[in-house]
>>> print(open('model_19.tsv').read())   # TSV, C-alpha atoms
chain	number	residue	atom	x	y	z
N	1	MET	CA	-2.05	-8.14	26.97
N	2	ALA	CA	-5.40	-9.83	26.59
N	3	PRO	CA	-7.14	-9.41	23.23
N	4	SER	CA	-9.66	-6.57	23.16
N	5	ALA	CA	-11.73	-4.60	20.69
N	6	ILE	CA	-9.89	-1.66	19.16
N	7	ALA	CA	-12.51	0.74	20.51
N	8	ASP	CA	-11.53	-0.28	24.02
N	9	LEU	CA	-7.85	0.40	23.40
N	10	GLN	CA	-6.66	2.89	26.02
N	11	PRO	CA	-3.41	4.32	24.54
N	12	THR	CA	-4.43	7.16	22.24
N	13	VAL	CA	-2.32	9.58	20.24
N	14	ASP	CA	-2.41	11.96	23.21
N	15	ASP	CA	-1.00	9.25	25.49
N	16	VAL	CA	1.76	8.44	23.01
N	17	ALA	CA	2.55	12.12	22.41
N	18	SER	CA	2.76	12.89	26.12
N	19	ALA	CA	5.76	10.60	26.40
N	20	MET	CA	7.60	12.31	23.55
N	21	PRO	CA	10.16	15.09	23.93
N	22	PRO	CA	8.64	18.51	23.04
N	23	LYS	CA	10.09	18.68	19.53
N	24	ALA	CA	8.65	15.28	18.70
N	25	LYS	CA	5.05	16.11	19.55
N	26	LEU	CA	2.32	16.64	16.99
N	27	THR	CA	-0.73	18.70	17.87
N	28	LYS	CA	-4.14	19.21	16.35
N	29	ALA	CA	-3.12	22.75	15.48
N	30	ASP	CA	0.08	21.98	13.60
N	31	HIS	CA	-0.83	18.74	11.93
N	32	GLY	CA	-4.54	18.93	11.34
N	33	TYR	CA	-5.03	15.46	12.75
N	34	LEU	CA	-3.50	14.21	9.82
N	35	ASP	CA	-3.80	16.09	6.59
N	36	THR	CA	-4.48	13.89	3.61
N	37	SER	CA	-1.64	13.65	1.13
N	38	ASN	CA	-3.70	15.37	-1.56
N	39	ASP	CA	-3.82	18.46	0.65
N	40	VAL	CA	-0.09	19.07	0.35
N	41	SER	CA	2.32	20.19	-2.34
N	42	VAL	CA	5.74	18.57	-2.22
N	43	ASP	CA	8.96	20.37	-2.97
N	44	TYR	CA	11.35	17.47	-3.54
N	45	ALA	CA	14.38	19.68	-3.00
N	46	GLU	CA	13.19	20.72	0.47
N	47	ALA	CA	11.34	17.60	1.64
N	48	ASP	CA	12.30	16.00	4.95
N	49	LEU	CA	13.16	12.39	4.09
N	50	ARG	CA	12.99	10.28	7.23
N	51	GLY	CA	13.38	6.52	7.43
N	52	ASN	CA	16.44	6.18	5.18
N	53	THR	CA	18.56	3.05	5.58
N	54	ASP	CA	21.13	0.96	3.69
N	55	ILE	CA	19.93	-2.39	5.09
N	56	LEU	CA	18.52	-3.49	1.73
N	57	SER	CA	21.02	-1.76	-0.54
N	58	SER	CA	23.90	-3.51	1.21
N	59	GLN	CA	22.31	-6.89	0.42
N	60	ALA	CA	21.68	-5.90	-3.20
N	61	THR	CA	25.41	-5.66	-3.81
N	62	SER	CA	25.87	-9.35	-2.99
N	63	LYS	CA	25.10	-10.32	-6.61
N	64	GLY	CA	23.71	-13.80	-6.03
N	65	ALA	CA	25.71	-14.70	-2.92
N	66	LEU	CA	22.80	-14.86	-0.47
N	67	GLY	CA	21.87	-18.39	-1.49
N	68	ASP	CA	18.08	-18.07	-1.30
N	69	TRP	CA	15.10	-16.32	-2.93
N	70	ARG	CA	16.55	-12.92	-2.08
N	71	ASP	CA	19.03	-13.36	-4.92
N	72	ASP	CA	16.12	-13.49	-7.39
N	73	PHE	CA	14.46	-10.54	-5.69
N	74	PHE	CA	17.51	-8.30	-5.97
N	75	LYS	CA	18.17	-9.48	-9.53
N	76	ASN	CA	14.62	-8.94	-10.81
N	77	SER	CA	13.35	-6.29	-8.35
N	78	TYR	CA	10.34	-8.44	-7.47
N	79	TYR	CA	9.52	-11.87	-6.15
N	80	VAL	CA	6.39	-13.99	-5.73
N	81	VAL	CA	6.32	-15.78	-2.38
N	82	LYS	CA	4.26	-18.87	-3.10
N	83	GLY	CA	1.66	-20.06	-0.61
N	84	ALA	CA	2.35	-17.44	2.05
N	85	ILE	CA	-1.24	-18.03	3.16
N	86	PRO	CA	-2.84	-21.46	2.65
N	87	ARG	CA	-5.10	-21.24	-0.41
N	88	GLU	CA	-8.32	-22.12	1.42
N	89	ARG	CA	-7.72	-19.41	4.03
N	90	ALA	CA	-6.80	-16.88	1.32
N	91	LEU	CA	-10.07	-17.60	-0.46
N	92	LEU	CA	-11.90	-17.15	2.85
N	93	TYR	CA	-10.35	-13.68	3.23
N	94	ARG	CA	-11.41	-12.97	-0.34
N	95	GLN	CA	-15.01	-13.92	0.39
N	96	GLN	CA	-15.01	-11.81	3.54
N	97	MET	CA	-13.80	-8.83	1.48
N	98	LEU	CA	-16.51	-9.34	-1.13
N	99	ASP	CA	-19.18	-9.77	1.55
N	100	TRP	CA	-18.01	-6.51	3.13
N	101	PHE	CA	-18.10	-4.81	-0.28
N	102	ALA	CA	-21.71	-5.91	-0.82
N	103	LYS	CA	-22.89	-4.31	2.44
N	104	PHE	CA	-22.74	-0.74	1.14
N	105	ASP	CA	-26.24	0.61	0.66
N	106	PHE	CA	-25.73	1.68	-2.96
N	107	GLY	CA	-27.54	-1.19	-4.69
N	108	PHE	CA	-24.52	-3.27	-5.74
N	109	ASP	CA	-25.23	-6.91	-6.59
N	110	VAL	CA	-22.27	-9.10	-7.43
N	111	ASN	CA	-24.57	-11.23	-9.63
N	112	ASP	CA	-25.96	-8.26	-11.59
N	113	LYS	CA	-23.33	-6.56	-13.74
N	114	SER	CA	-25.67	-3.67	-14.46
N	115	THR	CA	-24.89	-2.57	-10.88
N	116	TRP	CA	-21.13	-2.63	-11.50
N	117	VAL	CA	-21.06	1.14	-12.02
N	118	GLN	CA	-20.06	4.02	-9.76
N	119	GLU	CA	-23.66	4.85	-8.85
N	120	HIS	CA	-23.86	1.53	-6.99
N	121	LEU	CA	-20.31	1.37	-5.65
N	122	PRO	CA	-18.19	3.00	-2.95
N	123	MET	CA	-15.69	5.57	-4.12
N	124	MET	CA	-12.48	3.90	-5.28
N	125	MET	CA	-9.12	5.10	-6.53
N	126	LYS	CA	-8.22	3.93	-10.04
N	127	GLY	CA	-11.30	1.73	-10.20
N	128	GLY	CA	-10.39	-0.57	-7.32
N	129	MET	CA	-8.36	0.84	-4.41
N	130	ILE	CA	-10.60	1.45	-1.39
N	131	ILE	CA	-8.67	3.95	0.70
N	132	ASN	CA	-11.59	5.16	2.81
N	133	TYR	CA	-14.55	3.70	4.75
N	134	CYS	CA	-12.21	2.32	7.49
N	135	ALA	CA	-11.49	-0.57	5.12
N	136	ALA	CA	-7.82	-0.78	6.11
N	137	HIS	CA	-8.82	-1.69	9.66
N	138	GLU	CA	-11.50	-4.28	9.05
N	139	LYS	CA	-11.00	-7.53	10.94
N	140	TRP	CA	-10.20	-9.48	7.77
N	141	ALA	CA	-7.57	-6.90	6.77
N	142	TRP	CA	-5.70	-7.17	10.06
N	143	GLU	CA	-5.95	-10.96	10.09
N	144	ALA	CA	-4.54	-11.19	6.56
N	145	ARG	CA	-1.63	-8.82	7.17
N	146	SER	CA	-0.86	-10.60	10.47
N	147	GLU	CA	-0.45	-14.00	8.80
N	148	PRO	CA	2.98	-15.47	9.69
N	149	GLY	CA	3.63	-16.36	6.05
N	150	VAL	CA	2.98	-12.77	4.99
N	151	ILE	CA	5.34	-11.30	7.56
N	152	ALA	CA	8.12	-13.89	7.11
N	153	PRO	CA	9.61	-12.71	3.77
N	154	PHE	CA	9.80	-9.11	4.99
N	155	ALA	CA	11.44	-10.25	8.23
N	156	HIS	CA	13.97	-12.23	6.17
N	157	LEU	CA	14.74	-9.25	3.94
N	158	TRP	CA	15.08	-6.77	6.79
N	159	GLY	CA	16.84	-9.17	9.16
N	160	THR	CA	14.43	-8.56	12.04
N	161	ASP	CA	11.04	-9.66	13.34
N	162	GLU	CA	10.46	-6.23	14.91
N	163	LEU	CA	8.42	-4.74	12.10
N	164	LEU	CA	5.76	-2.14	11.46
N	165	VAL	CA	3.06	-2.66	8.83
N	166	SER	CA	1.42	-0.14	6.54
N	167	PHE	CA	-2.25	0.72	7.08
N	168	ASP	CA	-2.85	-0.11	3.47
N	169	ALA	CA	-5.90	-0.41	1.26
N	170	PRO	CA	-7.74	-3.37	-0.19
N	171	ASN	CA	-8.32	-3.43	-3.92
N	172	ILE	CA	-11.49	-4.90	-5.43
N	173	THR	CA	-11.43	-4.42	-9.18
N	174	LEU	CA	-14.58	-5.43	-11.06
N	175	PRO	CA	-13.86	-6.60	-14.61
N	176	GLY	CA	-15.64	-5.22	-17.65
N	177	ARG	CA	-16.77	-1.92	-16.16
N	178	THR	CA	-17.91	0.44	-18.89
N	179	ASP	CA	-18.10	3.57	-16.74
N	180	VAL	CA	-14.38	3.77	-15.94
N	181	SER	CA	-12.07	5.84	-18.10
N	182	TRP	CA	-8.83	4.02	-17.44
N	183	THR	CA	-5.30	4.76	-18.53
N	184	PRO	CA	-2.05	3.36	-17.11
N	185	TRP	CA	-0.48	5.39	-14.29
N	186	PRO	CA	3.19	4.33	-14.24
N	187	HIS	CA	4.79	5.50	-11.01
N	188	VAL	CA	7.21	4.70	-8.23
N	189	ASP	CA	6.47	4.80	-4.51
N	190	GLN	CA	9.85	6.18	-3.47
N	191	SER	CA	10.93	9.80	-3.56
N	192	PRO	CA	13.18	10.74	-6.48
N	193	THR	CA	15.56	12.26	-3.96
N	194	ARG	CA	16.10	9.11	-1.91
N	195	LYS	CA	19.26	7.11	-2.63
N	196	GLY	CA	19.29	3.35	-2.89
N	197	LEU	CA	16.59	0.82	-2.06
N	198	VAL	CA	14.68	2.01	1.01
N	199	CYS	CA	11.25	0.36	0.78
N	200	VAL	CA	9.90	-3.01	-0.39
N	201	GLN	CA	6.18	-3.07	-1.15
N	202	GLY	CA	3.81	-5.99	-0.94
N	203	ILE	CA	0.54	-7.38	-2.28
N	204	ILE	CA	-1.37	-10.11	-0.48
N	205	ASN	CA	-2.97	-11.83	-3.45
N	206	LEU	CA	-6.40	-13.35	-2.75
N	207	SER	CA	-7.71	-14.11	-6.26
N	208	PRO	CA	-6.25	-15.78	-9.35
N	209	ALA	CA	-3.92	-13.35	-11.12
N	210	GLY	CA	-3.01	-15.02	-14.38
N	211	PRO	CA	-2.04	-13.34	-17.66
N	212	LYS	CA	-5.62	-12.14	-18.34
N	213	ASP	CA	-6.80	-11.60	-14.76
N	214	GLY	CA	-5.44	-8.13	-14.16
N	215	GLY	CA	-2.89	-7.17	-11.56
N	216	LEU	CA	0.59	-5.79	-11.11
N	217	VAL	CA	2.67	-4.88	-14.15
N	218	LEU	CA	6.16	-3.46	-13.86
N	219	TYR	CA	9.11	-2.36	-15.93
N	220	GLN	CA	11.78	-4.89	-15.14
N	221	GLY	CA	15.17	-3.24	-14.76
N	222	SER	CA	13.76	0.20	-13.97
N	223	SER	CA	14.84	0.13	-10.31
N	224	GLU	CA	18.52	-0.02	-11.27
N	225	LEU	CA	18.05	3.08	-13.42
N	226	PHE	CA	16.24	5.06	-10.72
N	227	GLU	CA	19.05	7.46	-9.82
N	228	GLN	CA	20.25	7.81	-13.41
N	229	PHE	CA	16.77	8.77	-14.58
N	230	PHE	CA	16.37	11.56	-12.02
N	231	THR	CA	19.90	12.79	-12.63
N	232	GLU	CA	19.12	13.21	-16.31
N	233	ARG	CA	15.49	14.25	-15.73
N	234	PRO	CA	15.10	16.15	-12.46
N	235	PRO	CA	11.71	15.73	-10.74
N	236	LYS	CA	8.87	17.83	-12.10
N	237	ALA	CA	5.88	19.24	-10.27
N	238	LYS	CA	3.14	16.68	-9.73
N	239	ALA	CA	0.04	16.65	-11.86
N	240	GLU	CA	-3.16	17.93	-10.29
N	241	GLY	CA	-4.85	15.20	-8.26
N	242	ALA	CA	-1.68	13.10	-7.90
N	243	PRO	CA	-0.84	11.79	-4.43
N	244	GLY	CA	0.93	14.60	-2.63
N	245	GLN	CA	3.27	12.63	-0.38
N	246	VAL	CA	6.97	12.84	-1.10
N	247	ASP	CA	7.37	9.10	-1.66
N	248	TRP	CA	5.39	8.97	-4.90
N	249	TYR	CA	6.29	10.05	-8.42
N	250	GLY	CA	4.32	9.60	-11.63
N	251	PHE	CA	5.82	9.22	-15.10
N	252	SER	CA	4.76	10.60	-18.47
N	253	ASP	CA	4.71	8.59	-21.70
N	254	GLU	CA	7.97	10.29	-22.61
N	255	ASP	CA	9.50	9.19	-19.30
N	256	VAL	CA	8.39	5.61	-19.89
N	257	LYS	CA	9.94	5.73	-23.35
N	258	TRP	CA	13.25	6.65	-21.68
N	259	TYR	CA	13.08	3.47	-19.59
N	260	GLU	CA	12.15	1.38	-22.61
N	261	ASP	CA	15.05	2.86	-24.58
N	262	HIS	CA	17.32	1.80	-21.74
N	263	GLY	CA	16.21	-1.82	-22.03
N	264	CYS	CA	13.37	-2.07	-19.52
N	265	LYS	CA	10.62	-4.56	-20.37
N	266	LEU	CA	7.01	-4.38	-19.20
N	267	ILE	CA	5.99	-7.64	-17.54
N	268	LYS	CA	2.80	-8.87	-15.87
N	269	VAL	CA	3.34	-10.53	-12.48
N	270	ASP	CA	1.18	-13.65	-12.13
N	271	ALA	CA	0.16	-15.08	-8.77
N	272	GLU	CA	-2.29	-17.44	-7.08
N	273	PRO	CA	-4.57	-16.95	-4.06
N	274	GLY	CA	-2.37	-16.94	-0.98
N	275	ASP	CA	0.78	-15.73	-2.73
N	276	VAL	CA	2.53	-12.52	-1.66
N	277	ILE	CA	4.14	-10.31	-4.30
N	278	ILE	CA	6.99	-8.11	-3.11
N	279	TRP	CA	8.81	-5.50	-5.18
N	280	ASP	CA	11.40	-2.75	-5.02
N	281	SER	CA	9.63	0.61	-4.57
N	282	ARG	CA	11.95	2.20	-7.15
N	283	THR	CA	10.42	-0.03	-9.83
N	284	VAL	CA	8.10	1.70	-12.30
N	285	HIS	CA	4.76	-0.08	-11.99
N	286	TYR	CA	0.98	0.15	-12.17
N	287	ALA	CA	-2.03	-2.19	-12.26
N	288	ARG	CA	-3.65	-3.73	-15.31
N	289	LEU	CA	-7.43	-4.16	-15.40
N	290	PRO	CA	-8.84	-7.68	-15.67
N	291	GLU	CA	-9.63	-9.00	-19.14
N	292	SER	CA	-11.17	-12.16	-17.68
N	293	ASP	CA	-14.26	-12.44	-15.47
N	294	ILE	CA	-12.19	-12.67	-12.27
N	295	ILE	CA	-12.83	-9.97	-9.67
N	296	ARG	CA	-9.35	-8.86	-8.64
N	297	THR	CA	-9.14	-9.06	-4.84
N	298	ILE	CA	-5.95	-8.05	-3.04
N	299	LEU	CA	-4.66	-6.26	0.04
N	300	TYR	CA	-1.57	-4.07	-0.11
N	301	ALA	CA	0.83	-4.61	2.81
N	302	THR	CA	4.34	-3.33	3.39
N	303	PHE	CA	6.57	-4.00	6.39
N	304	ALA	CA	9.71	-2.24	7.64
N	305	PRO	CA	11.78	-2.25	10.85
N	306	ALA	CA	10.17	-0.40	13.74
N	307	LYS	CA	13.54	1.12	14.63
N	308	LEU	CA	13.42	3.23	11.44
N	309	ALA	CA	10.35	5.18	12.60
N	310	THR	CA	10.80	8.54	14.32
N	311	PRO	CA	8.74	9.56	17.37
N	312	GLU	CA	6.85	11.99	15.09
N	313	ASP	CA	5.88	9.23	12.70
N	314	LEU	CA	4.81	6.91	15.51
N	315	VAL	CA	2.50	9.62	16.83
N	316	ALA	CA	1.04	10.13	13.35
N	317	LYS	CA	0.61	6.38	12.93
N	318	ALA	CA	-1.09	6.09	16.32
N	319	GLU	CA	-3.59	8.76	15.35
N	320	LEU	CA	-4.51	6.95	12.15
N	321	PHE	CA	-4.88	3.71	14.07
N	322	ARG	CA	-7.21	5.41	16.54
N	323	LYS	CA	-9.29	6.83	13.69
N	324	PHE	CA	-9.35	3.57	11.68
N	325	GLU	CA	-7.82	5.45	8.76
N	326	ALA	CA	-5.64	4.17	5.92
N	327	SER	CA	-2.24	5.59	5.09
N	328	THR	CA	0.35	5.15	2.32
N	329	HIS	CA	2.33	2.08	1.25
N	330	TRP	CA	5.07	3.09	3.74
N	331	PRO	CA	4.82	1.68	7.28
N	332	HIS	CA	7.52	3.68	9.11
N	333	CYS	CA	7.48	7.15	7.52
N	334	ASN	CA	5.62	9.04	4.77
N	335	ILE	CA	2.58	8.82	7.04
N	336	TRP	CA	-0.44	10.56	5.54
N	337	GLY	CA	-4.13	9.94	6.10
N	338	ASN	CA	-6.72	9.51	3.38
N	339	GLY	CA	-9.61	11.30	5.09
N	340	LYS	CA	-13.21	10.60	4.13
N	341	ALA	CA	-14.46	9.53	0.70
N	342	MET	CA	-16.08	12.38	-1.21
N	343	ARG	CA	-19.05	11.92	-3.56
N	344	ASN	CA	-20.38	14.85	-5.58
N	345	GLY	CA	-18.46	17.32	-3.44
N	346	LYS	CA	-19.77	15.98	-0.12
N	347	VAL	CA	-18.70	13.25	2.28
N	348	CYS	CA	-19.99	10.00	0.84
N	349	PRO	CA	-23.12	8.79	2.69
N	350	GLY	CA	-21.53	5.36	2.87
N	351	GLU	CA	-18.67	6.65	5.01
N	352	ARG	CA	-18.30	5.43	8.56
N	353	ASP	CA	-16.25	6.14	11.68
N	354	GLU	CA	-15.34	2.57	12.49
N	355	PRO	CA	-15.05	-0.77	10.67
N	356	LEU	CA	-18.11	-2.96	10.24
N	357	GLU	CA	-16.20	-5.66	12.10
N	358	LYS	CA	-13.43	-4.38	14.31
N	359	PRO	CA	-10.23	-6.39	14.65
N	360	VAL	CA	-9.42	-8.18	17.87
N	361	ILE	CA	-6.50	-6.27	19.30
N	362	THR	CA	-3.54	-8.42	20.27
N	363	GLU	CA	-0.03	-7.56	21.41
N	364	ALA	CA	1.22	-8.54	17.95
N	365	ILE	CA	-1.16	-6.08	16.25
N	366	LEU	CA	-0.22	-3.29	18.65
N	367	LYS	CA	3.44	-3.80	17.81
N	368	LEU	CA	2.82	-3.95	14.05
N	369	ALA	CA	0.75	-0.77	14.34
N	370	GLY	CA	3.52	1.03	16.22
N	371	ILE	CA	1.40	1.55	19.34
N	372	GLN	CA	3.37	-0.77	21.59
N	373	PRO	CA	7.18	-0.95	21.41
N	374	TYR	CA	9.04	-4.19	20.85
>>> encode(input="model_19.tsv", output="structure tokens")
Amino acid sequence: MAPSAIADLQPTVDDVASAMPPKAKLTKADHGYLDTSNDVSVDYAEADLRGNTDILSSQATSKGALGDWRDDFFKNSYYVVKGAIPRERALLYRQQMLDWFAKFDFGFDVNDKSTWVQEHLPMMMKGGMIINYCAAHEKWAWEARSEPGVIAPFAHLWGTDELLVSFDAPNITLPGRTDVSWTPWPHVDQSPTRKGLVCVQGIINLSPAGPKDGGLVLYQGSSELFEQFFTERPPKAKAEGAPGQVDWYGFSDEDVKWYEDHGCKLIKVDAEPGDVIIWDSRTVHYARLPESDIIRTILYATFAPAKLATPEDLVAKAELFRKFEASTHWPHCNIWGNGKAMRNGKVCPGERDEPLEKPVITEAILKLAGIQPY
């Protein structure tokens, strides 16, 4: 297939759905053209958990016998893949992200810290995650997540090159903001009712992430205690405003104390531009704000085998792709849209219906997006 602009892409959700058996189809009436996850209330006991697999859990039992970096990953529940993207190209992606960020008509000036306040910024989750504004489908986002060195560690873990990728958000965290009331939000991105390791998340790191630069922190050892924790402490109802999808669970201070009492240590994961951080989705984690002057610049990206996706989830994914909308950290199930950014109770005036620079659609992108089968 010759490269083309995404707007010219012919297969739509209706085309995909028409090829599905009746029970697999989604319609505007029954799925709202995807509800956002905050519009739903999850009952963990009743939730339909698709996409389960033992591909990763079976490797985890090898206990150091794999003979490569996967041994460290399964031992520590995370791994930093060094130089997945050449540093110069990673810094180019970073500059493209910051240039894109500066094009909102809110008065932001990267050289004037007095404009580093919400009045002059797009709406962001937790002070940095940009889940709206078609950001997940900007040209630089698709180019970064399509980098061979980004895909390779996931292909190695899963044992296949036939992967889907999450329509995940960029994160641009400005240091030293005084208008953000920030507290840690320890959580996992796997349902308490799933068994074993089912998802491995990723961060494409585009800025220095040293000890003072902000970034991913996690409780090492928490993934191995995942099932024990929820056996002793059954899942509670989610707090108001928490992500509604089933594959997310937030922890209280008391919950975190339980993990600490069981020997888990909070560590900061350091990385350089071009590195990819991968971690077990059962690991309790959150992000730390920068203490340095570095603007944290990353793109979340998770990959999983295409064969794990159901026809229903492929239809949902196709609809998000058509609408240039972001989803969750999961690429093959747990598919929820993020809708439009809201400001003061109304759709943010900075919202848009398509990226500022659309990606060039290739066969590889169509396969990663779940539009074209392998």
>>> closest_residue(input="model_19.tsv", among="N:Val284, N:Val276, N:Val246, N:Ala45", to="Gly83 (chain N)", atoms="all atoms listed in the file")
N:Val276
>>> closest_residue(input="model_19.tsv", among="N:Thr297, N:Lys195, N:Leu266, N:Asn334", to="Ala47 (chain N)", atoms="all atoms listed in the file")
N:Asn334
>>> residues_around(input="model_19.tsv", residues="region 290-295 of chain N", least_positions_apart="2", cutoff="7 Å", atoms="only C-alpha atoms", output="NGL selection string")
:N and (172-175 or 212-214 or 288 or 297)
>>> residues_near_point(input="model_19.tsv", point="(-22.9, 2.4, -2.5)", cutoff="9 Å", atoms="all atoms listed in the file", output="PyMOL selection string")
chain N and resi 101-108+118-123+348-350
>>> write_last_selection(input="model_19.tsv", atoms="C-alpha atoms", output="tab-separated table (two decimals), in the coordinates of the input")
chain	number	residue	atom	x	y	z
N	101	PHE	CA	-18.10	-4.81	-0.28
N	102	ALA	CA	-21.71	-5.91	-0.82
N	103	LYS	CA	-22.89	-4.31	2.44
N	104	PHE	CA	-22.74	-0.74	1.14
N	105	ASP	CA	-26.24	0.61	0.66
N	106	PHE	CA	-25.73	1.68	-2.96
N	107	GLY	CA	-27.54	-1.19	-4.69
N	108	PHE	CA	-24.52	-3.27	-5.74
N	118	GLN	CA	-20.06	4.02	-9.76
N	119	GLU	CA	-23.66	4.85	-8.85
N	120	HIS	CA	-23.86	1.53	-6.99
N	121	LEU	CA	-20.31	1.37	-5.65
N	122	PRO	CA	-18.19	3.00	-2.95
N	123	MET	CA	-15.69	5.57	-4.12
N	348	CYS	CA	-19.99	10.00	0.84
N	349	PRO	CA	-23.12	8.79	2.69
N	350	GLY	CA	-21.53	5.36	2.87
>>> residues_around(input="model_19.tsv", residues="Leu49 (chain N)", least_positions_apart="5", cutoff="9 Å", atoms="all atoms listed in the file", output="list of chain:residue names")
N:Ser191, N:Thr193, N:Arg194, N:Val246, N:Asp247, N:Cys333, N:Asn334
>>> atom_distance(input="model_19.tsv", atom1="CA of Ile278 (chain N)", atom2="CA of Tyr249 (chain N)")
18.9 Å
>>> residues_around(input="model_19.tsv", residues="Leu368 (chain N)", least_positions_apart="2", cutoff="9 Å", atoms="only C-alpha atoms", output="VMD selection string")
chain N and resid 146 162 to 166 303 306 363 to 366 370 to 372
>>> atom_distance(input="model_19.tsv", atom1="CA of Lys82 (chain N)", atom2="CA of Ile277 (chain N)")
8.6 Å
>>> residues_around(input="model_19.tsv", residues="Val188 (chain N)", least_positions_apart="2", cutoff="7 Å", atoms="all atoms listed in the file", output="list in words")
Gln190, Trp248, Tyr249, Gly250, Ser281, Arg282, Thr283, Val284 and His285 of chain N
>>> residues_near_point(input="model_19.tsv", point="(-9.0, -8.4, 15.7)", cutoff="7 Å", atoms="all atoms listed in the file", output="NGL selection string")
:N and (5 or 139 or 142-143 or 358-361)
>>> write_last_selection(input="model_19.tsv", atoms="C-alpha atoms", output="compact mmCIF listing (two decimals), in the coordinates of the input")
# COMPACT_ATOMS: atom_id res chain seq x y z
CA ALA N 5 -11.73 -4.60 20.69
CA LYS N 139 -11.00 -7.53 10.94
CA TRP N 142 -5.70 -7.17 10.06
CA GLU N 143 -5.95 -10.96 10.09
CA LYS N 358 -13.43 -4.38 14.31
CA PRO N 359 -10.23 -6.39 14.65
CA VAL N 360 -9.42 -8.18 17.87
CA ILE N 361 -6.50 -6.27 19.30
>>> axis_aligned_box(input="model_19.tsv", around="region 303-309 of chain N", padding_each_side="4 Å", output="AutoDock Vina command-line options")
--center_x 10.1 --center_y 0.6 --center_z 10.5 --size_x 15.0 --size_y 17.2 --size_z 16.2
>>> closest_residue(input="model_19.tsv", among="N:Ala326, N:Ile335, N:Val269, N:Leu299", to="Gly244 (chain N)", atoms="all atoms listed in the file")
N:Ile335
>>> atom_distance(input="model_19.tsv", atom1="CA of Gly210 (chain N)", atom2="CA of Phe251 (chain N)")
25.8 Å
>>> closest_residue(input="model_19.tsv", among="N:Asn52, N:Asn344, N:Gln96, N:Thr310", to="Leu356 (chain N)", atoms="only C-alpha atoms")
N:Gln96
>>> closest_residue(input="model_19.tsv", among="N:Gly159, N:Pro170, N:Gly274, N:Pro186", to="Leu92 (chain N)", atoms="all atoms listed in the file")
N:Gly274
>>> decode(input="model_19.tsv", residues="region 172-188 of chain N", atoms="C-alpha atoms", output="mmCIF file, in the first residue's frame")
data_model
loop_
_atom_site.group_PDB
_atom_site.id
_atom_site.type_symbol
_atom_site.label_atom_id
_atom_site.label_comp_id
_atom_site.auth_asym_id
_atom_site.auth_seq_id
_atom_site.Cartn_x
_atom_site.Cartn_y
_atom_site.Cartn_z
ATOM 1 C CA ILE N 172 5.056 17.308 28.708
ATOM 2 C CA THR N 173 5.654 18.196 32.341
ATOM 3 C CA LEU N 174 6.843 21.742 33.033
ATOM 4 C CA PRO N 175 9.019 21.974 36.147
ATOM 5 C CA GLY N 176 8.383 24.438 38.945
ATOM 6 C CA ARG N 177 4.701 25.070 38.276
ATOM 7 C CA THR N 178 3.105 26.813 41.231
ATOM 8 C CA ASP N 179 -0.508 26.371 40.120
ATOM 9 C CA VAL N 180 -0.561 22.565 40.318
ATOM 10 C CA SER N 181 -1.707 20.838 43.470
ATOM 11 C CA TRP N 182 0.163 17.578 43.088
ATOM 12 C CA THR N 183 0.102 14.422 45.153
ATOM 13 C CA PRO N 184 1.361 10.960 44.196
ATOM 14 C CA TRP N 185 -1.218 8.677 42.557
ATOM 15 C CA PRO N 186 0.140 5.135 43.069
ATOM 16 C CA HIS N 187 -1.728 2.744 40.795
ATOM 17 C CA VAL N 188 -1.506 -0.283 38.564
#
